[in-house]
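Here the structure is laid out as structure tokens; the discussion comes afterwards.
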Amino acid sequence: MDHLAETIYTMEYNFTAIEQKWQQFWEKNKTFKTSDDTSRKKYYILDMFPYPSGAGLHVGHPEGYTATDIVSRYKRMKGFNVLHPMGWDAFGLPAEQYAIQTGTHPAVTTQKNCDNFRRQIKSLGLSYDWDREINTTDPRYFKWTQWIFIQLYNTWFDEQQQKGRPISELKVPDNYKSQGFDNKNAYIDAKRLAYYDNAQVWWCENCKIVCANEEVLTDGTHEKCGYQVVKKNLKQWMLRIPHYAERLLDGLEGLDWPEGVKDMQKNWIGRSTGAEVHFPLAGSDKSIEVYTTRPDTLFGATYMVLAPEHELVNEITTPEHRQTVSEYTRAASLKSELDRTELAKEKTGVFTGSYAINPLTNQQIPVWVADYVLTGYGTGAIMAVPAHDTRDFDFAKTFGLPVVCILDPEQNTDNESRQKILEGNMCWPEDGQYINSANPDKGIDINGLNKENGIQKIVEWLEQQQIGKAKINYKLRDWLFSRQRYWGEPFPVIHWEDGEITMLNENDLPLELPELDKYEPGANGESPLANADEWLIVTDKNGRKGRRETNTMPQWAGSCWYYLRYIDPANNEAPFNKAKENYWMPVDLYIGGAEHAVLHLLYSRFWHKVLYDLGIVSTDEPFQKLYNQGMILAFAYETSTGAKVATDMVEEKEGKFYHIENGEEVQQIVAKMSKSLKNVVNPDDVVERYGADSLRLYEMFMGPLDATKPWADQGVKGVFGFLGRVYRFFANLDNINGHNKEDAEVLKLLHQTIIKVESDIENLKFNTAISALMVFTNLAIKKGKVCKETAELFTQILSPFAPHLGEELWNLYGHTGSITYEPWPIANPEFLKEDTFEYPVSFNGKMRFKLELPIDMPVNEIEQEVLNNPRSEKWMEQKTVRKIIVVPKKIINVVVS
RNA sequence: GCCGAAGUGGCGGAAUUGGUAGACGCGCAUGACUCAAAAUCAUGUACCUUCACGGGUGUGUGGGUUCGAUUCCCACCUUCGGUACCA
């Protein structure tokens, strides 16, 4: 043993040999295999699983993975049964596009990329239980994605109970039943959480392909070809996520998530309270229904606006306006939503020729059509109150419509503005006091009230008169759940020739993808599956013909429930075993990028709540604690004109940076890693040059986990140097003294470090934990020798951060097994005792000198000590001591004047 | 526009129930080792001033509260992320 240690020590810190040795050891011994021993306390630590791209791992990936790995290793040492899995979110566009270009089956590309990702991840020494690896493209996995889709289809949301329930429990009202089978089915279909309907999608005429939202740039062009995209109506699967809006909002309350993410979800759900109001049409028995958050401003409604797509537009347009209105609505339909918002500054619209009646004033007000009113929100129609809504104000000014002020801003603004507002020449969307807001004939008067009371009183009146009612609205829309793609989960759906839609039986799952020769899209925007004739056409036992759904599910589908599959990844009878689910859920810690703050996390929560309502999972929320890792950026350079300069075109001289060709001075900036700036860092290179432990340590040492921070190669060298120091000192058994009593200073710092590292890991503050490990190492090296027990304790608290080095040292100290399950050290308070405290002594708040005093000295004695201290004289000369503040074990401040 | 996060040495960053600003690391400087370099080791390193002791200034800007403010309050500036005609 001694001889072995000697040989290894005489070598330098050979990280490559050490890391390979231990990675093989872990693999061979299945060190990180997780049992489902429900008698132990569990801890479920989840990473957002990656899309295995052809480019391989980016340095951003190991950041979150290392953080969760440190927590996993720490929790194991703390005695927890830790579930820490990894898998692949492997459906997606790039593999399909590659297939179109080369004919390579996406599964082949995907397999290759997964293998590469797995190799890279394993090279980082991350402690995943690889027996639980999952892949969303594996039929054994997506069988259950399809199964969950069927559950969604067979569920409706009971408003009263605020709960999803099996469709079989839905009572169809008698009047629907009496109208026959079709109506009954239509009623049921209208309640299902998954439904099939027309929806607008982006369509690229050039590529003859449907584009996802993310593929459409802000100027309305397709990111791949630069062609303008248009909207197209296609039959799509949709999910009624808005039914769960309130539940998704409520559920956020109990979660340990960053406030910012909760806010983003709240904004996305976009709950608003207001009222629905009916405006009768003049000379007609029809009425227009509007939604408003400001029913209090009804007295100021001087016109109405319908969205161009509103169903009443055609009906109410008078013959003399027909031409202009139809031209306008046609133009609007051709415009993309982006165009519409693009033109936000200039409002457009046309008059329909019809008038509605303001139910409060009984005045006739014109009805316009304008695209600043959106069809998807509220009722697609508004009452316009130009005096108190900026958008309506802009529109009214453009078209010369009347502006009637009904809310006096009073002292809320300056006098000049107030005059303009009262005259209708300025908009006032804030609070104030109502004026011109009474109609004795109708029995309503809110003059003199403020906004809050005004809203309440008007809503009460509307409900009494039965012309409106309080209403809650959400921005959240139905989720478009199908893509015209090949490389996604096929829907377990058959469309029969008689119009019926059925789901496959559970025993017919999974429905796998057919083999194709070509991956080009089908005709009319259908997915490539439309070309798979043999797969596509089915016949039932009665000879009825049907066609399979040709759309596939979006990439979100597989990631909506993957955390559940890790619990029981090989189960072929169910998505997971219930008892295991009950044991492992919820996820205790979930770390990933903030780019998933809304969609992925909202969609998962939605599915999870449905599964919860159906009794399939045991928790209402899936992810108890969420944390976002920050982005890793890189340095780049910029000339005085703002032109970016690639890193290989810059040289450093005396702390300044110059262009190597023209010598111009350039500024160092922080930018995203990109090929063009030549500042992309490849984890493989870092592992090769400095080792996995250095990469891990550096990524954690860079700064707070959630901060955006730039990569600096010098910084990697820094932590590499630290690990080298650790190795040279702690692996040299000459420095490790077997029997001597440990130095008190070392002992005290060691136990302080144990406490510090423990609490820092608990709070995900890895940068300061590493700093504490460095401080201790510096002291140990300074002392020259430490006891074996000290070295072992240090090795244990180091090992979650630098696991390969941890194992190596542990082994050198004579242990044969892995350090993985060694119990986390417990700090001994004996060694932490302090007899004295070094007080900083301030005069008028400025620290002047330090004074060491016994730790339990009474305050009055401390005061005497300070006043009698010769060093105090200088600061009290010619002055009177007004007060002495003594905060025990903190500070002393003498106030003089 | 709205919502959120953040501004601290040459650089990454540390310190907040208000209590020694700059831990730790990089970089830099000096020294040791070396023929030399690298690596390693030691010492120093916020800025101004002073030979030095010391003194002054300092956490984006301007105010305020306090014995004491990086930390709390008000106003503002800048950067980043999200969102955008949601009535």
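Note on naming: chains are A, B, ... as they come in the structure tokens, residues start from 1 per chain, ligands start from 1 in the order shown.
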
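Backbone DSSP over region 523-558 of chain A gives alpha helix (DSSP H) for Asp533, Glu534, Trp535, Leu536, Trp556, Ala557 and Gly558 of chain A.
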
Give as number ranges by chain every residue of chain A that touches chain B within 7 Å, counting only C-alpha atoms (C1' of nucleotides). A: 260, 292-293, 341, 344, 372, 377, 382, 391, 475, 655, 702-703, 714-715, 718, 771, 840, 844-845, 847, 885, 890-891, 893, 895

Those residues with C-alpha atoms, as a short mmCIF file (atom, residue, chain, number, x, y, z; two decimals), in the first residue's frame please?
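Below is the file selection.cif, written as the result:
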data_model
loop_
_atom_site.label_atom_id
_atom_site.label_comp_id
_atom_site.auth_asym_id
_atom_site.auth_seq_id
_atom_site.Cartn_x
_atom_site.Cartn_y
_atom_site.Cartn_z
CA GLY A 260 -39.71 35.25 -11.22
CA THR A 292 -64.21 44.57 -20.03
CA THR A 293 -62.07 44.93 -16.94
CA THR A 341 -48.61 43.97 -33.73
CA ALA A 344 -49.23 48.82 -33.29
CA TYR A 372 -56.49 45.94 -32.64
CA TYR A 377 -59.49 36.93 -26.18
CA ILE A 382 -65.00 45.58 -26.96
CA ARG A 391 -55.64 52.09 -27.24
CA LYS A 475 -55.05 34.91 -21.52
CA GLY A 655 -4.55 44.42 -19.85
CA MET A 702 -17.67 30.72 -11.45
CA GLY A 703 -20.37 32.38 -9.45
CA GLN A 714 -7.92 31.19 -16.77
CA GLY A 715 -10.54 30.33 -14.20
CA GLY A 718 -7.30 28.27 -11.24
CA SER A 771 -14.03 28.71 -1.54
CA PRO A 840 -13.72 45.90 15.48
CA ASN A 844 -18.63 57.44 14.52
CA GLY A 845 -19.08 54.37 12.40
CA MET A 847 -13.48 51.13 12.04
CA ILE A 885 -22.84 50.86 21.23
CA LYS A 890 -20.30 41.81 16.50
CA ILE A 891 -19.03 45.35 16.88
CA ASN A 893 -19.09 51.80 18.02
CA VAL A 895 -20.14 58.06 19.17
#

Those in region 553-619 of chain A with strand (DSSP E) from DSSP, as an MDAnalysis selection string: chainID A and resid 589:593

Can you write just those residues out, N, CA and C atoms, as a PDB file, in the first residue's frame?
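Full text of part.pdb as output:
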ATOM      1  N   LEU A 589     -36.083  18.240  -6.037  1.00  0.00           N
ATOM      2  CA  LEU A 589     -35.277  19.339  -6.582  1.00  0.00           C
ATOM      3  C   LEU A 589     -35.192  19.172  -8.090  1.00  0.00           C
ATOM      4  N   TYR A 590     -35.553  20.228  -8.797  1.00  0.00           N
ATOM      5  CA  TYR A 590     -35.559  20.192 -10.253  1.00  0.00           C
ATOM      6  C   TYR A 590     -34.740  21.376 -10.736  1.00  0.00           C
ATOM      7  N   ILE A 591     -33.651  21.100 -11.458  1.00  0.00           N
ATOM      8  CA  ILE A 591     -32.790  22.189 -11.921  1.00  0.00           C
ATOM      9  C   ILE A 591     -32.711  22.189 -13.439  1.00  0.00           C
ATOM     10  N   GLY A 592     -32.857  23.365 -14.010  1.00  0.00           N
ATOM     11  CA  GLY A 592     -32.762  23.493 -15.457  1.00  0.00           C
ATOM     12  C   GLY A 592     -32.776  24.949 -15.865  1.00  0.00           C
ATOM     13  N   GLY A 593     -32.745  25.171 -17.152  1.00  0.00           N
ATOM     14  CA  GLY A 593     -32.661  26.535 -17.675  1.00  0.00           C
ATOM     15  C   GLY A 593     -33.962  27.299 -17.562  1.00  0.00           C
TER      16      GLY A 593
END

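In this model, the gap between CA of Gly87 (chain A) and CA of Tyr74 (chain A) comes to 21.8 Å.
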
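Distance-wise, CA of Phe801 (chain A) and CA of Tyr51 (chain A) end up 25.5 Å apart.
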